[in-house]
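> Below is the structure I would like to discuss, written out as structure tokens.
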Amino acid sequence: MATESEDIDDSLYSRQRYVLGDNAMQRMAQSNVLLYGLGGLGIEIAKNIILAGVKSLTIFDARPATYLDLGTNFFLSENDVTKSKNRATACISKLSELNPYVTVTCQSVELTTSSNLSMLDQFQCIVLTDATLDVQLVVNKYCRSHSPSIKFISSTVLSVCGQLFSDFGDNFEVVDKNGEEAKESFIASITKENPGIVTCLENCMHGYEDSDIVLFKEIKGMEELNGQQHPVKVLSPFAYSICDTSGEEYSEYERDGIATQVKLPACIQFEELEKQLAAPSLMIPDLCKFQAPSNLHIAFLTLDKFKAINHRMPNIRCKKDAENFMKIAQEVLQNCNIEIEELDTQLLTCFSMSSKGCLAALCAALGGIVAQEVLKALTGKFSPVQQWLYIDAIELCCDTGDIEQDKFTARNDRYDALRACIGNDLCSKIASLNLFMVGCGAIGCEMLKNYAMMGVASSTGNITITDNDLIEKSNLNRQFLFRPSHIQKPKSIIAAGMTKQINADLNIEANQHKVCPQTESVYTDGFYSKQDVVVNALDNVEARRYVDSRCVSNQRALLESGTLGAKGHVQVIVPYLTESYTSQRDPPDQDVPYCTLKSFPATIEHCIQWARDKFESAFTQKPQMFNKFWSSYGTPPSVIEKLEADEPLEGVIKVTKLLVDRPVNWPECVILARQKFEKTFNHKAKQLLHSFPLDTKLKDGSLFWQSPKRPPTPIVFDTNNPVHLSYVHTMARLYADVNKVTYSDGQIRNEYLIKFLPAVPIPVFVPSNRTIITDETMKKPEDTITSSGDDLKDSAQRIQCVLALNNPAAYFTKMNAAAFEKDDDSNGHIDFITATSNLRAEMYSIDTADRLKIKQIAGRIVPAIATTTAAVAGLVAIEMIKLVKECKLHDYKNCFLNLALPCILFSEPAPPENMLIKEGVSYIIWDKYEIQGNDAFTVQDFLDSFQKTYDCLPTMIVQGVKMVYVPAMPMHFKRLNQRMLKYIKPSNDKNYVELVVSLENDKGEDVPGPPVRYFHR
């Protein structure tokens, strides 16, 4: 990645740019990072840092590859182990493939307390993994001796426990604490008192927090506040107080005004490692395990002391070593300033018994978090961890009873590290797992790598994956299984092949189906019933809800996850144990009123949406309508004949107007674009001001043009204005592309346009009396143009006029409808929307936006970064092992994380809601009632069987949108003696149908019941 903003490879980094911003990306591109240790955690950190795009990554590692490494380092092979290759040397070529902009080097260097540390001077950040405590202390002191300090991070994963420590020096500047867009609110009133109270417009929450700084502008009356910054104290979601506005220096507030949040940098002070060891600043990620971080801090310190005494690690499942470990832990506790009521004997014993192992899924999770801390260290973007983070999956190995030791000991295979943590029995269950994963994008790639590390379906089981997308270049920044040579190839097939390269034993079936109602013949109930677990790796809510409904219907466990920039979530869904994904729903997004988008925009987002709609209308919908019309109604003469016979043809008025205006050469494209500029940005503004002059008042006496409505200003075209030229240039190009008009390179240069445009005839503005919608509750009017006899004759006349022209065939040729594509900069789509959006913003005195922001909003681009993806996928894999182990409800962990804050919150999944039908009869979302019928079964038989089986009476039976039996419907009582098969629609491949029923409660009211599966044969 280059160091200049314009040189950032947007085709690769576009999704990450929306997370970090260009300033952070540029700082990363100038930064050198050292990573010490390339075990399971080290390889995860390296992958994520390289994908992010630092200048260089240097790896120090002197260790040969072992079978323990093979179970956690996904770039090592059995050949590397048998030949005892250096871990870094074996991996460097594959790491280098991840990002061509990053220089990756390695050295066989082992750091000791006597190493010459001057070799660290070239790095801006140093990351130690699996280093001894004495080495950590020495390196940390050396980093602090520099000015400014070299940023220091140390992290380790042992067993099912992970540790992270960071020290960025005494004065570390955070330029953006949370990465959120600055919030903006419209002002309804400001009181003249001490303190002044600012109230927002009705139903518009400000979103500020106490001590936030806001900048005021566009206030009428109390103009003295304009341009001033003030801290706020939140009074309610709609009001906040500021400074004393009661003095003479402030006028009375009249109207309008906008308050914009000002994001200020913050300075953070870190303590050195030596101080933090004794009195650690600990994050608490799981309030259900409040004491776990303190106990784990003691555990890691104890392990270092145990190794110093015994010159080895505690042996696997060795009770004697575990007892000695606990004794040392008590001594360590005495020397620490940590408030622990009592050491967690079970946790420390588990840690001792399995510390030779390493959980690859935890390496993935912590590797994502650590890599994000590295990016924070280099850029100052987001708030860093202060200063310790411990996470664990102790639920996986909490049984310290009399289990045979040989079930955990090494067997010199790739699962030694996992076996030491969870035992061979659980490893065998994982190897025979049947798993269905929907989606092979960023989370999907990370999950497949985790499956390979754990040996999922490496024996008798099977992994079925599906994704109907092809690989794009922008995917390579996060979807690490893909390479440039894979672009435009199917994601699922390539992902399966690359996963097999990591672990050839996996059984993977790759499909390219979309999972939706239309593919239920592929992913049938029988298919779902064979799966042990379903994993969502999807990027949209609708698809998630659908898969969730299929899992609920077939009582299958589902692991749900997702990311949005630095944010991520993990949800565990277990039949009869937890609620489902659809049990909780986010409030729906509020639609922008039609009149706001069309005539009264208030924000840049309104302008961008309007420009996007204009693109769809002019370059997609109208060409499609044109093509459909002529393919449906035949040749021009035949159409004229039908019109003269007063035969109405759908869309004829629009199509014929499009026909006569159609450009057939490049100058005509330019003329049409220039005239569109005048109509859109000059005449439109004049018409609005003609309909609603600036002094227009509403019925209550208030001004029509008051916040959030902004009066427009007509824009006068100027060839010296680059935005004006860009609009004409891009629109003319799009018209040319749609209408199959060729043009030369010289014709699309600005020099040609500047010379040509002054001669373009510009129509004079003539005001109209057309009604302008101002009611915010009104939807967009439907296109209900009716064709009268005169309209049909006018349309026929337009066609005849075109036929009389030279080369009329050019006007009737099929158009090329444009398909909006945000990631192809050569097509001019984003350039057109950028120019159009900013011109509309200028017309309404709204702050304009840069191309990057407009591309994100217009293209509905979801910000994404590899660090969050890796963390989320690792946490999902941990929960999958718990599913295989059949843990209890309190052992499962949902997670919400925001690596920007940083915030990591684990919580116990909620149980399913119990829905009461009547006293003694209730159901949960996982319940499904079944009625066994036959060919002769009548509606009355169904009702009788239902009441006998479930002790409640159906009051309505529906299949999809078809009413089977509704007593309130006239004549439905006659259906009681008719066969059920007469009123249901069975499918050929199923012997049952899904029905929806309403049931009668104790009060005689209708209440919804659970799904009903009726077997008709």
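Chain lettering (A, B, ...) mirrors the order of the structure tokens, residue numbering begins at 1 for each chain separately, and ligand numbering begins at 1 in order of display.
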Need the shell around Glu224 (chain A): protein/DNA/RNA residues with any atom at most 7 Å away, counting only C-alpha atoms. Skip same-chain ones fewer than 2 positions apart. Format as a list in words?

Met222, Asn226 and Tyr250 of chain A

> Just want the 12 Å neighbourhood of Ile754 (chain A), counted on only C-alpha atoms, with same-chain residues fewer than 5 positions away dropped. Output as a PyMOL selection string.

chain A and resi 670+674+717-722+724-726+728-729+747-749+759-760

> Residues of region 241-304 of chain A that approach region 141-144 of chain A to 10 Å or less, counting only C-alpha atoms: could you list each one with the shortest pair of atoms and its distance in Å to one decimal, rows by chain and increasing residue number, as a Markdown table?


```
| residue | atom | partner | partner_atom | distance |
| --- | --- | --- | --- | --- |
| A:Glu271 | CA | A:Arg144 | CA | 9.9 |
| A:Glu272 | CA | A:Lys141 | CA | 7.4 |
| A:Leu273 | CA | A:Lys141 | CA | 8.1 |
| A:Glu274 | CA | A:Lys141 | CA | 8.7 |
```

> Using DSSP on the backbone, list every residue of region 387-534 of chain A that comes out as strand (DSSP E), and give them as a PyMOL selection string.

chain A and resi 388-392+434-438+462-466+508-511+533-534

> Could you write out the selected residues, including N, CA, C and O atoms, as an mmCIF file, in the first residue's frame?


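Output saved as out35.cif:
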```cif
data_model
loop_
_atom_site.group_PDB
_atom_site.id
_atom_site.type_symbol
_atom_site.label_atom_id
_atom_site.label_comp_id
_atom_site.auth_asym_id
_atom_site.auth_seq_id
_atom_site.Cartn_x
_atom_site.Cartn_y
_atom_site.Cartn_z
ATOM 1 N N TRP A 388 -4.371 -5.231 30.523
ATOM 2 C CA TRP A 388 -4.408 -6.689 30.458
ATOM 3 C C TRP A 388 -5.775 -7.163 29.968
ATOM 4 O O TRP A 388 -6.810 -6.647 30.381
ATOM 5 N N LEU A 389 -5.751 -8.174 29.130
ATOM 6 C CA LEU A 389 -6.970 -8.877 28.740
ATOM 7 C C LEU A 389 -6.717 -10.372 28.869
ATOM 8 O O LEU A 389 -5.730 -10.898 28.334
ATOM 9 N N TYR A 390 -7.598 -11.043 29.597
ATOM 10 C CA TYR A 390 -7.572 -12.500 29.688
ATOM 11 C C TYR A 390 -8.911 -13.034 29.188
ATOM 12 O O TYR A 390 -9.970 -12.541 29.592
ATOM 13 N N ILE A 391 -8.870 -13.993 28.296
ATOM 14 C CA ILE A 391 -10.082 -14.692 27.883
ATOM 15 C C ILE A 391 -9.830 -16.192 27.974
ATOM 16 O O ILE A 391 -8.685 -16.657 27.847
ATOM 17 N N ASP A 392 -10.881 -16.936 28.224
ATOM 18 C CA ASP A 392 -10.715 -18.379 28.394
ATOM 19 C C ASP A 392 -11.936 -19.131 27.899
ATOM 20 O O ASP A 392 -13.011 -18.556 27.719
ATOM 21 N N ASN A 434 -21.162 -33.783 11.329
ATOM 22 C CA ASN A 434 -21.787 -33.331 10.087
ATOM 23 C C ASN A 434 -22.166 -31.864 10.263
ATOM 24 O O ASN A 434 -22.954 -31.527 11.152
ATOM 25 N N LEU A 435 -21.614 -31.014 9.424
ATOM 26 C CA LEU A 435 -21.747 -29.569 9.596
ATOM 27 C C LEU A 435 -22.148 -28.931 8.280
ATOM 28 O O LEU A 435 -21.635 -29.279 7.221
ATOM 29 N N PHE A 436 -23.072 -27.986 8.349
ATOM 30 C CA PHE A 436 -23.520 -27.221 7.180
ATOM 31 C C PHE A 436 -23.208 -25.758 7.424
ATOM 32 O O PHE A 436 -23.684 -25.174 8.398
ATOM 33 N N MET A 437 -22.376 -25.160 6.564
ATOM 34 C CA MET A 437 -22.028 -23.750 6.700
ATOM 35 C C MET A 437 -22.542 -22.983 5.498
ATOM 36 O O MET A 437 -22.266 -23.335 4.349
ATOM 37 N N VAL A 438 -23.282 -21.902 5.776
ATOM 38 C CA VAL A 438 -23.867 -21.065 4.728
ATOM 39 C C VAL A 438 -23.026 -19.805 4.589
ATOM 40 O O VAL A 438 -23.004 -18.961 5.484
ATOM 41 N N ASN A 462 -18.965 -34.942 7.628
ATOM 42 C CA ASN A 462 -18.904 -34.205 6.367
ATOM 43 C C ASN A 462 -19.225 -32.735 6.610
ATOM 44 O O ASN A 462 -20.117 -32.396 7.380
ATOM 45 N N ILE A 463 -18.466 -31.870 5.936
ATOM 46 C CA ILE A 463 -18.725 -30.428 5.947
ATOM 47 C C ILE A 463 -19.359 -30.074 4.606
ATOM 48 O O ILE A 463 -18.757 -30.308 3.552
ATOM 49 N N THR A 464 -20.564 -29.527 4.639
ATOM 50 C CA THR A 464 -21.208 -29.018 3.431
ATOM 51 C C THR A 464 -21.168 -27.500 3.476
ATOM 52 O O THR A 464 -21.603 -26.902 4.456
ATOM 53 N N ILE A 465 -20.604 -26.898 2.439
ATOM 54 C CA ILE A 465 -20.553 -25.437 2.384
ATOM 55 C C ILE A 465 -21.244 -24.972 1.108
ATOM 56 O O ILE A 465 -21.270 -25.696 0.107
ATOM 57 N N THR A 466 -21.809 -23.784 1.162
ATOM 58 C CA THR A 466 -22.439 -23.242 -0.042
ATOM 59 C C THR A 466 -22.299 -21.725 -0.069
ATOM 60 O O THR A 466 -22.372 -21.065 0.967
ATOM 61 N N ILE A 508 -15.135 -32.395 2.626
ATOM 62 C CA ILE A 508 -15.842 -31.141 2.326
ATOM 63 C C ILE A 508 -16.587 -31.271 1.001
ATOM 64 O O ILE A 508 -16.018 -31.710 0.002
ATOM 65 N N GLU A 509 -17.837 -30.876 1.031
ATOM 66 C CA GLU A 509 -18.642 -30.802 -0.188
ATOM 67 C C GLU A 509 -18.990 -29.344 -0.438
ATOM 68 O O GLU A 509 -19.605 -28.690 0.405
ATOM 69 N N ALA A 510 -18.590 -28.843 -1.600
ATOM 70 C CA ALA A 510 -18.795 -27.427 -1.917
ATOM 71 C C ALA A 510 -19.933 -27.262 -2.915
ATOM 72 O O ALA A 510 -19.927 -27.884 -3.984
ATOM 73 N N ASN A 511 -20.908 -26.436 -2.548
ATOM 74 C CA ASN A 511 -22.038 -26.126 -3.420
ATOM 75 C C ASN A 511 -22.045 -24.637 -3.758
ATOM 76 O O ASN A 511 -21.382 -23.839 -3.089
ATOM 77 N N VAL A 533 -24.736 -29.608 13.299
ATOM 78 C CA VAL A 533 -24.713 -28.167 13.585
ATOM 79 C C VAL A 533 -24.729 -27.411 12.264
ATOM 80 O O VAL A 533 -24.183 -27.862 11.255
ATOM 81 N N VAL A 534 -25.399 -26.255 12.287
ATOM 82 C CA VAL A 534 -25.423 -25.350 11.136
ATOM 83 C C VAL A 534 -24.703 -24.076 11.542
ATOM 84 O O VAL A 534 -24.868 -23.590 12.668
#
```

> Where does region 487-603 of chain A meet region 457-460 of chain A within 10 Å, residue by residue, with the nearest atom pair and distance in Å to one decimal for each, counting only C-alpha atoms, listed by chain and rising number, as a Markdown table?


```
| residue | atom | partner | partner_atom | distance |
| --- | --- | --- | --- | --- |
| A:Asn503 | CA | A:Ser458 | CA | 8.5 |
| A:Ala504 | CA | A:Ser458 | CA | 8.4 |
| A:Asp505 | CA | A:Ser458 | CA | 4.9 |
| A:Leu506 | CA | A:Ser458 | CA | 4.2 |
| A:Asn507 | CA | A:Ala457 | CA | 5.7 |
| A:Ile508 | CA | A:Ala457 | CA | 7.9 |
```

> Using CA of Phe172 (chain A) and CA of Lys275 (chain A) as the two end points, give the distance in Å to one decimal.

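For CA of Phe172 (chain A) relative to CA of Lys275 (chain A), the distance reads 17.9 Å.
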
> In Å, rounded to a single decimal, give me how far CA of Ala566 (chain A) is from CA of Asp210 (chain A).

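One can read the CA of Asp210 (chain A) to CA of Ala566 (chain A) distance as 23.4 Å.
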
> Report the distance between CA of Gly874 (chain A) and CA of Leu470 (chain A) in Å, rounded to one decimal place.

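CA of Leu470 (chain A) lies at a distance of 24.5 Å from CA of Gly874 (chain A).
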
> Between A:Gln387, A:Asn536, A:Ser768, A:Ser837, which is the closest to Ala877 (chain A) once you count only C-alpha atoms?

A:Asn536

> Contacts between region 706-710 of chain A and region 785-883 of chain A, please, where a residue of region 785-883 of chain A counts if it comes within 9 Å (with only C-alpha atoms); show its shortest atom pair and distance in Å to one decimal, rows by chain and ascending number, as CSV.


```
residue,atom,partner,partner_atom,distance
A:Tyr844,CA,A:Arg710,CA,6.0
A:Ser845,CA,A:Arg710,CA,7.5
A:Ile846,CA,A:Arg710,CA,8.6
```

> For the structure I just gave you, how does DSSP split region 848-894 of chain A - specifically, which residues are helix (DSSP H, G or I)? Reply as a PyMOL selection string.

chain A and resi 851-858+866-885+889-891

> Applying 9 Å and only C-alpha atoms, which residues near region 690-697 of chain A remain after dropping the ones on its own chain fewer than 6 positions away? List them as a ChimeraX atom specification.

/A:703-705,711,767-772

> Counting only C-alpha atoms, what is within 9 Å of Gln624 (chain A), bar same-chain residues fewer than 5 positions away, as a PyMOL selection string?

chain A and resi 619+629+815-817

> Suppose we keep N, CA and C atoms; can you now write the selection as a compact mmCIF listing (two decimals), in the first residue's frame?


```txt
# COMPACT_ATOMS: atom_id res chain seq x y z
N PHE A 619 -30.47 5.19 -16.06
CA PHE A 619 -29.55 4.29 -16.76
C PHE A 619 -29.86 2.81 -16.60
N PHE A 629 -40.52 -2.79 -24.04
CA PHE A 629 -41.62 -2.29 -24.87
C PHE A 629 -41.48 -2.80 -26.30
N MET A 815 -31.15 -0.88 -26.03
CA MET A 815 -30.26 -0.13 -25.13
C MET A 815 -29.48 -1.09 -24.22
N ASN A 816 -28.36 -0.60 -23.72
CA ASN A 816 -27.57 -1.34 -22.74
C ASN A 816 -27.91 -0.83 -21.34
N ALA A 817 -28.83 -1.48 -20.66
CA ALA A 817 -29.18 -1.05 -19.30
C ALA A 817 -27.97 -1.23 -18.39
```

> Taking a cut-off of 10 Å and counting only C-alpha atoms, can you build a table that, for each residue of region 256-299 of chain A near region 340-358 of chain A, reports the nearest atom pair and how far apart they are in Å (one decimal), sorted by chain then residue number, as a tab-separated table?


```
residue	atom	partner	partner_atom	distance
A:Gln291	CA	A:Ile340	CA	7.0
A:Ala292	CA	A:Asp344	CA	7.9
A:Ser294	CA	A:Ile340	CA	7.0
A:Asn295	CA	A:Leu343	CA	6.4
A:Leu296	CA	A:Leu348	CA	7.6
A:Ile298	CA	A:Leu348	CA	8.7
A:Ala299	CA	A:Leu348	CA	6.1
```

> Let me see the file: selected residues, N, CA, C and O atoms, as a short mmCIF file (atom, residue, chain, number, x, y, z; two decimals), in the first residue's frame.


```cif
data_model
loop_
_atom_site.label_atom_id
_atom_site.label_comp_id
_atom_site.auth_asym_id
_atom_site.auth_seq_id
_atom_site.Cartn_x
_atom_site.Cartn_y
_atom_site.Cartn_z
N GLN A 291 -14.17 -13.15 38.61
CA GLN A 291 -12.85 -13.38 39.20
C GLN A 291 -11.88 -14.07 38.24
O GLN A 291 -10.70 -14.23 38.55
N ALA A 292 -12.35 -14.50 37.08
CA ALA A 292 -11.49 -15.25 36.17
C ALA A 292 -10.24 -14.49 35.73
O ALA A 292 -9.15 -15.05 35.74
N SER A 294 -8.45 -12.21 37.24
CA SER A 294 -7.49 -12.18 38.34
C SER A 294 -6.85 -13.55 38.54
O SER A 294 -5.63 -13.66 38.73
N ASN A 295 -7.65 -14.59 38.49
CA ASN A 295 -7.12 -15.95 38.65
C ASN A 295 -6.20 -16.33 37.51
O ASN A 295 -5.18 -17.00 37.72
N LEU A 296 -6.55 -15.92 36.30
CA LEU A 296 -5.69 -16.24 35.16
C LEU A 296 -4.38 -15.47 35.23
O LEU A 296 -3.33 -15.97 34.80
N ILE A 298 -2.81 -14.76 37.93
CA ILE A 298 -2.02 -15.57 38.86
C ILE A 298 -1.55 -16.85 38.18
O ILE A 298 -0.39 -17.29 38.37
N ALA A 299 -2.41 -17.46 37.36
CA ALA A 299 -2.07 -18.73 36.71
C ALA A 299 -0.87 -18.57 35.79
O ALA A 299 0.06 -19.40 35.80
#
```

> Rank A:Val872, A:Ile799, A:Leu215, A:Met915 by their smallest atom-to-atom distance to Asn450 (chain A), using only C-alpha atoms, and report the top residue only.

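Nearest candidate to Asn450 (chain A) out of A:Val872, A:Ile799, A:Leu215, A:Met915: A:Val872.
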
> Neighbours of Ser474 (chain A) within 10 Å (only C-alpha atoms; same-chain residues fewer than 3 positions away dropped), as a ChimeraX atom specification?

/A:9-16,471,477-479,487,823

> For Arg798 (chain A), which residue out of A:Ala849, A:Cys204, A:Leu51, A:Ile653 is the nearest one, using only C-alpha atoms?

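Closest residue, counting only C-alpha atoms: A:Ile653.
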